[in-house]
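**Student:** Next comes the structure file coords35.txt, holding compact mmCIF, C-alpha atoms and all ligand atoms.
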# COMPACT_ATOMS: atom_id res chain seq x y z
CA MET A 1 -70.43 -206.91 197.58
CA LYS A 2 -72.97 -205.19 195.43
CA GLN A 3 -71.45 -203.43 192.46
CA LYS A 4 -72.97 -200.27 191.15
CA LEU A 5 -73.39 -200.18 187.39
CA ARG A 6 -72.19 -197.00 185.79
CA PRO A 7 -74.79 -195.62 183.39
CA VAL A 8 -73.62 -195.67 179.78
CA ARG A 9 -73.31 -192.13 178.56
CA MET A 10 -74.81 -190.92 175.29
CA ALA A 11 -71.33 -190.09 174.00
CA GLU A 12 -70.25 -193.72 174.51
CA LEU A 13 -73.29 -195.02 172.62
CA VAL A 14 -72.55 -192.67 169.70
CA ALA A 15 -68.85 -193.65 169.74
CA ASP A 16 -69.86 -197.37 169.75
CA SER A 17 -72.11 -196.82 166.77
CA LEU A 18 -69.54 -194.83 164.78
CA ARG A 19 -66.82 -197.38 165.61
CA ARG A 20 -69.02 -200.18 164.32
CA GLN A 21 -69.66 -198.23 161.12
CA ILE A 22 -65.92 -197.62 160.65
CA PHE A 23 -65.18 -201.35 160.98
CA GLU A 24 -67.99 -202.12 158.53
CA GLY A 25 -66.13 -199.94 156.01
CA LYS A 26 -68.76 -197.21 155.89
CA HIS A 27 -66.38 -194.29 156.40
CA VAL A 28 -63.40 -195.06 154.20
CA GLU A 29 -63.44 -191.43 153.00
CA GLY A 30 -63.51 -190.16 156.60
CA LEU A 31 -66.25 -189.05 159.00
CA PRO A 32 -68.59 -186.19 158.04
CA LYS A 33 -68.45 -182.83 159.80
CA GLU A 34 -69.44 -182.66 163.45
CA GLU A 35 -72.71 -180.73 162.78
CA GLU A 36 -73.79 -183.31 160.22
CA LEU A 37 -73.10 -186.17 162.62
CA ARG A 38 -74.93 -184.31 165.39
CA GLU A 39 -78.03 -184.02 163.22
CA ARG A 40 -77.81 -187.66 162.20
CA PHE A 41 -77.60 -188.89 165.79
CA GLY A 42 -79.85 -186.19 167.23
CA VAL A 43 -77.53 -185.52 170.18
CA ALA A 44 -76.22 -182.44 171.95
CA LYS A 45 -73.00 -180.76 170.82
CA SER A 46 -71.17 -181.80 173.99
CA SER A 47 -72.08 -185.50 173.53
CA MET A 48 -70.95 -185.47 169.89
CA ARG A 49 -67.66 -183.80 170.81
CA GLU A 50 -67.05 -186.37 173.54
CA ALA A 51 -67.88 -189.25 171.18
CA LEU A 52 -65.31 -187.97 168.67
CA LEU A 53 -62.77 -187.53 171.47
CA ILE A 54 -63.27 -191.18 172.49
CA LEU A 55 -62.56 -192.34 168.93
CA GLU A 56 -59.61 -189.96 168.63
CA THR A 57 -58.10 -191.28 171.87
CA GLU A 58 -58.45 -194.80 170.50
CA GLY A 59 -56.42 -193.69 167.46
CA LEU A 60 -59.29 -194.46 165.09
CA ILE A 61 -59.77 -190.90 163.82
CA THR A 62 -58.04 -187.55 163.56
CA VAL A 63 -60.52 -184.69 163.85
CA ARG A 64 -59.79 -181.96 161.31
CA ARG A 65 -60.23 -178.60 162.98
CA GLY A 66 -61.14 -175.40 161.19
CA ASN A 67 -63.04 -174.94 157.93
CA VAL A 68 -62.23 -178.33 156.40
CA GLY A 69 -63.94 -180.24 159.18
CA GLY A 70 -64.73 -183.94 159.30
CA SER A 71 -62.32 -186.61 160.52
CA ILE A 72 -59.70 -188.79 158.89
CA VAL A 73 -60.21 -192.49 159.67
CA HIS A 74 -57.27 -194.76 160.58
CA LEU A 75 -57.94 -198.46 160.74
CA PRO A 76 -55.89 -200.33 163.34
CA THR A 77 -52.83 -202.08 161.91
CA ILE A 78 -50.28 -204.58 163.21
CA ASP A 79 -47.89 -201.64 163.63
CA SER A 80 -50.39 -199.78 165.80
CA ALA A 81 -50.99 -202.95 167.86
CA ALA A 82 -47.21 -203.41 168.19
CA TYR A 83 -46.86 -199.81 169.35
CA SER A 84 -49.50 -200.22 172.07
CA LEU A 85 -47.93 -203.51 173.11
CA ALA A 86 -44.47 -201.93 173.33
CA LEU A 87 -45.91 -199.06 175.34
CA SER A 88 -47.38 -201.47 177.90
CA MET A 89 -44.19 -203.53 177.90
CA SER A 90 -42.11 -200.42 178.57
CA ALA A 91 -44.34 -199.63 181.54
CA ILE A 92 -43.77 -203.04 183.15
CA ALA A 93 -40.01 -203.14 182.48
CA THR A 94 -40.10 -205.91 179.89
CA THR A 95 -36.65 -206.90 178.58
CA LEU A 96 -35.59 -207.95 175.09
CA GLY A 97 -34.85 -211.37 176.61
CA ASP A 98 -38.52 -211.64 177.64
CA VAL A 99 -39.67 -210.74 174.12
CA ALA A 100 -37.25 -213.26 172.60
CA ASP A 101 -38.43 -216.05 174.93
CA ALA A 102 -42.09 -215.33 174.19
CA LEU A 103 -41.44 -215.40 170.46
CA LEU A 104 -39.50 -218.62 170.86
CA ALA A 105 -42.63 -220.16 172.35
CA LEU A 106 -45.09 -218.72 169.82
CA GLU A 107 -43.39 -218.49 166.43
CA PRO A 108 -42.76 -222.25 165.98
CA MET A 109 -46.50 -222.79 166.61
CA CYS A 110 -47.27 -220.27 163.88
CA ALA A 111 -45.10 -222.20 161.44
CA VAL A 112 -47.03 -225.40 162.25
CA LEU A 113 -50.33 -223.59 161.63
CA CYS A 114 -48.89 -222.32 158.31
CA SER A 115 -47.97 -225.89 157.35
CA ARG A 116 -51.59 -226.96 157.96
CA ARG A 117 -53.16 -224.26 155.79
CA GLU A 118 -54.85 -225.84 152.83
CA ASP A 119 -54.30 -222.79 150.64
CA ARG A 120 -50.63 -222.38 151.60
CA ALA A 121 -49.34 -223.28 148.11
CA GLU A 122 -51.15 -220.26 146.63
CA GLU A 123 -51.37 -217.82 149.54
CA LEU A 124 -48.17 -218.27 151.48
CA VAL A 125 -45.38 -220.29 149.87
CA PRO A 126 -44.87 -217.95 146.85
CA GLU A 127 -44.35 -215.01 149.24
CA LEU A 128 -41.87 -216.98 151.38
CA ASP A 129 -39.97 -218.04 148.24
CA ARG A 130 -39.92 -214.45 146.98
CA LEU A 131 -38.50 -213.20 150.28
CA ASN A 132 -35.83 -215.90 150.30
CA LYS A 133 -34.83 -214.91 146.77
CA GLU A 134 -34.65 -211.25 147.85
CA TYR A 135 -32.61 -212.21 150.90
CA GLU A 136 -30.18 -214.13 148.68
CA ASP A 137 -29.82 -211.13 146.36
CA SER A 138 -29.13 -208.70 149.21
CA ILE A 139 -27.04 -210.99 151.39
CA GLU A 140 -23.94 -208.82 150.90
CA GLU A 141 -25.80 -205.77 152.23
CA GLY A 142 -26.04 -206.35 155.96
CA VAL A 143 -28.87 -204.16 157.25
CA GLU A 144 -31.02 -204.63 154.15
CA ALA A 145 -30.64 -208.42 154.49
CA ILE A 146 -31.76 -208.20 158.12
CA LYS A 147 -34.88 -206.26 157.10
CA ILE A 148 -35.82 -208.88 154.50
CA SER A 149 -35.03 -211.61 156.97
CA ARG A 150 -37.42 -210.04 159.50
CA GLU A 151 -40.07 -209.80 156.78
CA PHE A 152 -39.75 -213.56 156.30
CA HIS A 153 -40.38 -214.15 160.00
CA GLU A 154 -43.30 -211.71 160.04
CA THR A 155 -44.84 -213.41 156.98
CA VAL A 156 -44.75 -216.79 158.73
CA VAL A 157 -46.35 -215.27 161.83
CA GLU A 158 -48.99 -213.29 159.95
CA GLY A 159 -49.71 -216.22 157.66
CA CYS A 160 -50.76 -218.67 160.36
CA GLY A 161 -54.41 -218.35 159.34
CA ASN A 162 -55.88 -217.64 162.80
CA PRO A 163 -56.47 -213.88 163.16
CA ALA A 164 -56.36 -213.94 166.98
CA PHE A 165 -53.10 -215.90 167.15
CA SER A 166 -51.70 -213.91 164.26
CA ILE A 167 -52.33 -210.41 165.66
CA VAL A 168 -50.85 -211.21 169.07
CA THR A 169 -47.76 -212.93 167.71
CA SER A 170 -47.32 -210.46 164.83
CA ALA A 171 -47.36 -207.50 167.20
CA LEU A 172 -44.78 -209.24 169.37
CA ALA A 173 -42.66 -210.06 166.30
CA ARG A 174 -42.76 -206.38 165.25
CA VAL A 175 -41.56 -205.29 168.68
CA TRP A 176 -38.64 -207.68 168.26
CA SER A 177 -37.99 -206.63 164.63
CA ALA A 178 -37.73 -202.95 165.55
CA HIS A 179 -35.03 -203.71 168.10
CA GLU A 180 -33.23 -206.16 165.84
CA VAL A 181 -32.95 -203.68 162.98
CA ASP A 182 -31.65 -201.09 165.44
CA TRP A 183 -29.10 -203.61 166.70
CA ALA A 184 -28.06 -204.45 163.12
CA MET A 185 -27.36 -200.79 162.37
CA GLU A 186 -25.31 -200.42 165.53
CA ALA A 187 -23.45 -203.68 164.95
CA THR A 188 -22.64 -202.64 161.38
CA LEU A 189 -21.19 -199.35 162.61
CA SER A 190 -19.06 -201.07 165.24
CA GLY A 191 -17.96 -203.80 162.82
CA THR A 192 -19.47 -206.63 164.88
CA PHE A 193 -22.24 -207.51 162.43
CA PRO A 194 -22.62 -211.26 161.89
CA SER A 195 -20.45 -212.57 159.11
CA LEU A 196 -21.58 -213.41 155.62
CA GLU A 197 -21.46 -217.07 156.68
CA ASP A 198 -23.94 -216.35 159.50
CA ARG A 199 -26.30 -214.73 157.02
CA GLN A 200 -25.91 -217.61 154.58
CA ARG A 201 -26.70 -220.02 157.39
CA ALA A 202 -29.84 -218.00 158.22
CA LEU A 203 -30.91 -218.11 154.56
CA GLU A 204 -30.52 -221.91 154.58
CA TRP A 205 -32.78 -222.09 157.64
CA HIS A 206 -35.35 -219.87 155.96
CA MET A 207 -35.32 -222.11 152.89
CA GLU A 208 -35.79 -225.18 155.05
CA VAL A 209 -38.68 -223.52 156.89
CA ALA A 210 -40.35 -222.58 153.57
CA GLU A 211 -39.87 -226.19 152.37
CA GLY A 212 -41.32 -227.59 155.62
CA ILE A 213 -44.40 -225.35 155.33
CA LYS A 214 -44.81 -226.27 151.67
CA ALA A 215 -44.58 -230.01 152.50
CA GLY A 216 -47.07 -229.70 155.40
CA ASP A 217 -44.42 -231.06 157.76
CA ALA A 218 -45.17 -230.39 161.47
CA ALA A 219 -41.45 -230.84 162.24
CA VAL A 220 -41.05 -227.32 160.83
CA SER A 221 -41.68 -226.26 164.42
CA GLU A 222 -38.28 -227.55 165.60
CA LYS A 223 -36.56 -225.97 162.61
CA VAL A 224 -38.00 -222.57 163.47
CA ALA A 225 -37.13 -222.93 167.16
CA ALA A 226 -33.52 -223.96 166.43
CA HIS A 227 -33.08 -221.12 163.96
CA LEU A 228 -34.63 -218.55 166.32
CA ARG A 229 -32.34 -219.57 169.16
CA GLU A 230 -29.32 -219.10 166.91
CA ALA A 231 -30.53 -215.83 165.36
CA GLN A 232 -31.62 -214.31 168.66
CA SER A 233 -28.26 -215.08 170.25
CA HIS A 234 -26.59 -212.40 168.06
CA THR A 235 -29.03 -209.67 169.08
CA LEU A 236 -29.20 -210.75 172.70
CA ALA A 237 -25.44 -211.16 173.18
CA ASN A 238 -25.21 -208.04 175.35
CA ARG A 239 -28.83 -206.91 175.29
CA ARG A 240 -30.81 -209.62 177.06
CA ASN A 241 -31.55 -207.28 179.95
CA HIS A 242 -32.19 -204.20 177.83
CA ARG A 243 -35.67 -202.81 178.27
CA VAL A 244 -38.15 -202.69 175.41
CA ASP A 245 -37.94 -199.14 174.05
CA VAL A 246 -41.14 -197.83 172.52
CA ALA A 247 -39.14 -195.18 170.62
CA GLN A 248 -37.79 -197.96 168.37
CA LEU A 249 -41.36 -198.72 167.32
CA ARG A 250 -42.14 -195.08 166.66
CA ARG A 251 -39.19 -194.92 164.28
CA ARG A 252 -40.58 -197.88 162.42
CA VAL A 253 -44.15 -196.56 162.32
CA THR A 254 -43.04 -193.17 161.02
CA SER A 255 -40.45 -194.46 158.57
CA GLY A 256 -42.87 -195.73 155.97
CA PRO A 257 -44.39 -199.09 155.01
ZN ZN A 301 -34.39 -215.89 160.38
When written as structure tokens, how does the structure in this file appear?

**Tutor:**
Amino acid sequence: MKQKLRPVRMAELVADSLRRQIFEGKHVEGLPKEEELRERFGVAKSSMREALLILETEGLITVRRGNVGGSIVHLPTIDSAAYSLALSMSAIATTLGDVADALLALEPMCAVLCSRREDRAEELVPELDRLNKEYEDSIEEGVEAIKISREFHETVVEGCGNPAFSIVTSALARVWSAHEVDWAMEATLSGTFPSLEDRQRALEWHMEVAEGIKAGDAAVSEKVAAHLREAQSHTLANRRNHRVDVAQLRRRVTSGP
């Protein structure tokens, strides 16, 4: 069947051009006022407005109304990718068990990629060691320890060295983290939080993973998988069929770095 091609509108061309400029770092201070942009592009008011609306809908800018004018630029982050992912997951009834299984498949591969990075001794291992030290220092404080523990996992995932693999897995890991921290708070309140021994065991795993990455040992993959299975079992105990809840992500996005 013959498909009709939709003509590209002027607004889309302007939005494409502005988006490119944003990613090239040309608008770190924000976009100029609408009139100025209109003159620059030589387009009608309605096309300029629509172009800005496209970028606003994509979350790349916030148009400042009133006298101030111009737009604030927001570069996409892992948190924003995680939010979009969680939104789509919520729409297709994804469960925490699904997220856990997907991470179980992907995170060990990330650790192997980390262990192959030639610059890992400078770029990655010091950060993993620092997080393990912080975890050790906060091991008595349950929820704080969980947050640092999640940071360790996210560092492994983000540090794999392949941006495509990293962004997909990192976003997935953040979706999991948001629910795990929520679980940790609830478990602390109900007194069912994993014991100090459980946390010490997790720290040992993290140290072994950091050592495996440092040594360039591909067997780090099995270490990560075994640890994940154990760690996930706490969170999943009575939540495997819980749906991904995008509100958990919003809390994380709005609660600071
Ligand atoms: Zn862990």

**Student:** What residues have any atom no more than 9 Å from ligand ZN 301 (chain A) when counting all atoms listed in the file, and can you list them as a PyMOL selection string?

**Tutor:** chain A and resi 146+149-150+152-153+199+202-203+205-206+224+227-228+230-232

**Student:** List the neighbours of Ser47 in chain A out to 10 Å using all atoms listed in the file; skip same-chain residues closer than 4 positions along the sequence, and give me the result as an NGL selection string.

**Tutor:** :A and (9-15 or 38 or 43 or 51-53)

**Student:** At a cut-off of 7 Å, can you tabulate as a Markdown table every residue of range 167-236 of chain A near range 70-83 of chain A together with its closest atom pair and the distance in Å to one decimal, using only C-alpha atoms and ordering rows by chain then number?

**Tutor:**
| residue | atom | partner | partner_atom | distance |
| --- | --- | --- | --- | --- |
| A:Ile167 | CA | A:Ile78 | CA | 6.6 |
| A:Ser170 | CA | A:Ile78 | CA | 6.8 |
| A:Ala171 | CA | A:Ala82 | CA | 4.2 |
| A:Leu172 | CA | A:Ala82 | CA | 6.4 |
| A:Arg174 | CA | A:Ala82 | CA | 6.1 |
| A:Val175 | CA | A:Ala82 | CA | 6.0 |

**Student:** Give me, please, the distance in Å between CA of His234 in chain A and CA of Pro126 in chain A, quoted to one decimal.

**Tutor:** 28.5 Å

**Student:** Residues at most 12 Å from Arg239 in chain A, counting only C-alpha atoms, excluding those fewer than 3 positions away in the same chain, as a PyMOL selection string?

**Tutor:** chain A and resi 95-100+179-180+182-183+232-236+242-244

**Student:** Just C-alpha atoms for this one: save the residues we selected as a short mmCIF file (atom, residue, chain, number, x, y, z; two decimals), in the coordinates of the input.

**Tutor:**
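For reference, again_3.cif as written:
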data_model
loop_
_atom_site.label_atom_id
_atom_site.label_comp_id
_atom_site.auth_asym_id
_atom_site.auth_seq_id
_atom_site.Cartn_x
_atom_site.Cartn_y
_atom_site.Cartn_z
CA THR A 95 -36.65 -206.90 178.58
CA LEU A 96 -35.59 -207.95 175.09
CA GLY A 97 -34.85 -211.37 176.61
CA ASP A 98 -38.52 -211.64 177.64
CA VAL A 99 -39.67 -210.74 174.12
CA ALA A 100 -37.25 -213.26 172.60
CA HIS A 179 -35.03 -203.71 168.10
CA GLU A 180 -33.23 -206.16 165.84
CA ASP A 182 -31.65 -201.09 165.44
CA TRP A 183 -29.10 -203.61 166.70
CA GLN A 232 -31.62 -214.31 168.66
CA SER A 233 -28.26 -215.08 170.25
CA HIS A 234 -26.59 -212.40 168.06
CA THR A 235 -29.03 -209.67 169.08
CA LEU A 236 -29.20 -210.75 172.70
CA HIS A 242 -32.19 -204.20 177.83
CA ARG A 243 -35.67 -202.81 178.27
CA VAL A 244 -38.15 -202.69 175.41
#

**Student:** Work out how far CA of Asp137 in chain A is from CA of Cys160 in chain A, in Å to one decimal.

**Tutor:**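 One can read the CA of Cys160 in chain A to CA of Asp137 in chain A distance as 26.3 Å.
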
**Student:** Quick one: pull the distance between CA of Lys26 in chain A and CA of Ile54 in chain A, Å, one decimal.

**Tutor:** 18.5 Å

**Student:** Using the incomplete input, complete range 35-46 of chain A to the level of all heavy atoms; output as an mmCIF file, in the frame of the given file.

**Tutor:**
data_model
loop_
_atom_site.group_PDB
_atom_site.id
_atom_site.type_symbol
_atom_site.label_atom_id
_atom_site.label_comp_id
_atom_site.auth_asym_id
_atom_site.auth_seq_id
_atom_site.Cartn_x
_atom_site.Cartn_y
_atom_site.Cartn_z
ATOM 1 N N GLU A 35 -71.290 -181.155 162.793
ATOM 2 C CA GLU A 35 -72.710 -180.730 162.780
ATOM 3 C C GLU A 35 -73.575 -181.777 162.090
ATOM 4 O O GLU A 35 -74.673 -182.092 162.532
ATOM 5 C CB GLU A 35 -72.904 -179.390 162.046
ATOM 6 C CG GLU A 35 -72.134 -178.216 162.605
ATOM 7 C CD GLU A 35 -70.691 -178.239 162.113
ATOM 8 O OE1 GLU A 35 -70.463 -178.247 160.896
ATOM 9 O OE2 GLU A 35 -69.805 -178.278 162.970
ATOM 10 N N GLU A 36 -73.037 -182.304 160.978
ATOM 11 C CA GLU A 36 -73.790 -183.310 160.220
ATOM 12 C C GLU A 36 -74.026 -184.563 161.065
ATOM 13 O O GLU A 36 -75.126 -185.114 161.102
ATOM 14 C CB GLU A 36 -73.003 -183.644 158.953
ATOM 15 C CG GLU A 36 -73.870 -184.286 157.879
ATOM 16 C CD GLU A 36 -73.045 -184.724 156.683
ATOM 17 O OE1 GLU A 36 -72.148 -183.966 156.248
ATOM 18 O OE2 GLU A 36 -73.308 -185.841 156.200
ATOM 19 N N LEU A 37 -72.978 -184.980 161.766
ATOM 20 C CA LEU A 37 -73.100 -186.170 162.620
ATOM 21 C C LEU A 37 -74.105 -185.910 163.742
ATOM 22 O O LEU A 37 -74.903 -186.771 164.109
ATOM 23 C CB LEU A 37 -71.739 -186.527 163.227
ATOM 24 C CG LEU A 37 -70.729 -187.196 162.291
ATOM 25 C CD1 LEU A 37 -69.378 -187.308 162.977
ATOM 26 C CD2 LEU A 37 -71.204 -188.588 161.869
ATOM 27 N N ARG A 38 -74.050 -184.681 164.283
ATOM 28 C CA ARG A 38 -74.930 -184.310 165.390
ATOM 29 C C ARG A 38 -76.400 -184.408 164.941
ATOM 30 O O ARG A 38 -77.245 -184.936 165.648
ATOM 31 C CB ARG A 38 -74.605 -182.891 165.841
ATOM 32 C CG ARG A 38 -75.110 -182.545 167.213
ATOM 33 C CD ARG A 38 -74.172 -181.567 167.895
ATOM 34 N NE ARG A 38 -73.862 -180.415 167.052
ATOM 35 C CZ ARG A 38 -74.597 -179.304 166.996
ATOM 36 N NH1 ARG A 38 -75.695 -179.202 167.710
ATOM 37 N NH2 ARG A 38 -74.230 -178.307 166.239
ATOM 38 N N GLU A 39 -76.659 -183.937 163.749
ATOM 39 C CA GLU A 39 -78.030 -184.020 163.220
ATOM 40 C C GLU A 39 -78.440 -185.475 163.027
ATOM 41 O O GLU A 39 -79.538 -185.892 163.361
ATOM 42 C CB GLU A 39 -78.119 -183.292 161.879
ATOM 43 C CG GLU A 39 -78.445 -181.824 162.037
ATOM 44 C CD GLU A 39 -78.337 -181.080 160.727
ATOM 45 O OE1 GLU A 39 -78.658 -181.664 159.667
ATOM 46 O OE2 GLU A 39 -77.905 -179.917 160.761
ATOM 47 N N ARG A 40 -77.515 -186.244 162.460
ATOM 48 C CA ARG A 40 -77.810 -187.660 162.200
ATOM 49 C C ARG A 40 -78.161 -188.413 163.479
ATOM 50 O O ARG A 40 -79.076 -189.206 163.519
ATOM 51 C CB ARG A 40 -76.575 -188.314 161.574
ATOM 52 C CG ARG A 40 -76.834 -188.830 160.172
ATOM 53 C CD ARG A 40 -75.652 -189.605 159.717
ATOM 54 N NE ARG A 40 -75.018 -188.967 158.575
ATOM 55 C CZ ARG A 40 -73.971 -189.478 157.937
ATOM 56 N NH1 ARG A 40 -73.434 -190.611 158.348
ATOM 57 N NH2 ARG A 40 -73.469 -188.875 156.896
ATOM 58 N N PHE A 41 -77.380 -188.161 164.534
ATOM 59 C CA PHE A 41 -77.600 -188.890 165.790
ATOM 60 C C PHE A 41 -78.604 -188.200 166.699
ATOM 61 O O PHE A 41 -79.064 -188.810 167.666
ATOM 62 C CB PHE A 41 -76.263 -189.070 166.526
ATOM 63 C CG PHE A 41 -75.398 -190.162 165.947
ATOM 64 C CD1 PHE A 41 -74.441 -189.880 164.992
ATOM 65 C CD2 PHE A 41 -75.558 -191.481 166.346
ATOM 66 C CE1 PHE A 41 -73.647 -190.886 164.445
ATOM 67 C CE2 PHE A 41 -74.769 -192.493 165.813
ATOM 68 C CZ PHE A 41 -73.815 -192.203 164.856
ATOM 69 N N GLY A 42 -78.903 -186.939 166.400
ATOM 70 C CA GLY A 42 -79.850 -186.190 167.230
ATOM 71 C C GLY A 42 -79.365 -186.037 168.663
ATOM 72 O O GLY A 42 -80.124 -186.282 169.610
ATOM 73 N N VAL A 43 -78.079 -185.681 168.820
ATOM 74 C CA VAL A 43 -77.530 -185.520 170.180
ATOM 75 C C VAL A 43 -76.985 -184.103 170.364
ATOM 76 O O VAL A 43 -76.778 -183.370 169.396
ATOM 77 C CB VAL A 43 -76.404 -186.537 170.477
ATOM 78 C CG1 VAL A 43 -76.956 -187.944 170.510
ATOM 79 C CG2 VAL A 43 -75.271 -186.427 169.460
ATOM 80 N N ALA A 44 -76.740 -183.771 171.634
ATOM 81 C CA ALA A 44 -76.220 -182.440 171.950
ATOM 82 C C ALA A 44 -74.772 -182.305 171.474
ATOM 83 O O ALA A 44 -74.063 -183.304 171.310
ATOM 84 C CB ALA A 44 -76.276 -182.224 173.458
ATOM 85 N N LYS A 45 -74.359 -181.060 171.285
ATOM 86 C CA LYS A 45 -73.000 -180.760 170.820
ATOM 87 C C LYS A 45 -71.944 -181.404 171.720
ATOM 88 O O LYS A 45 -70.979 -182.005 171.252
ATOM 89 C CB LYS A 45 -72.840 -179.233 170.819
ATOM 90 C CG LYS A 45 -71.701 -178.744 169.995
ATOM 91 C CD LYS A 45 -71.767 -177.234 169.896
ATOM 92 C CE LYS A 45 -70.675 -176.752 168.966
ATOM 93 N NZ LYS A 45 -70.798 -175.352 168.634
ATOM 94 N N SER A 46 -72.172 -181.282 173.056
ATOM 95 C CA SER A 46 -71.170 -181.800 173.990
ATOM 96 C C SER A 46 -71.025 -183.320 173.864
ATOM 97 O O SER A 46 -69.919 -183.859 173.926
ATOM 98 C CB SER A 46 -71.548 -181.415 175.424
ATOM 99 O OG SER A 46 -72.836 -181.924 175.711
#
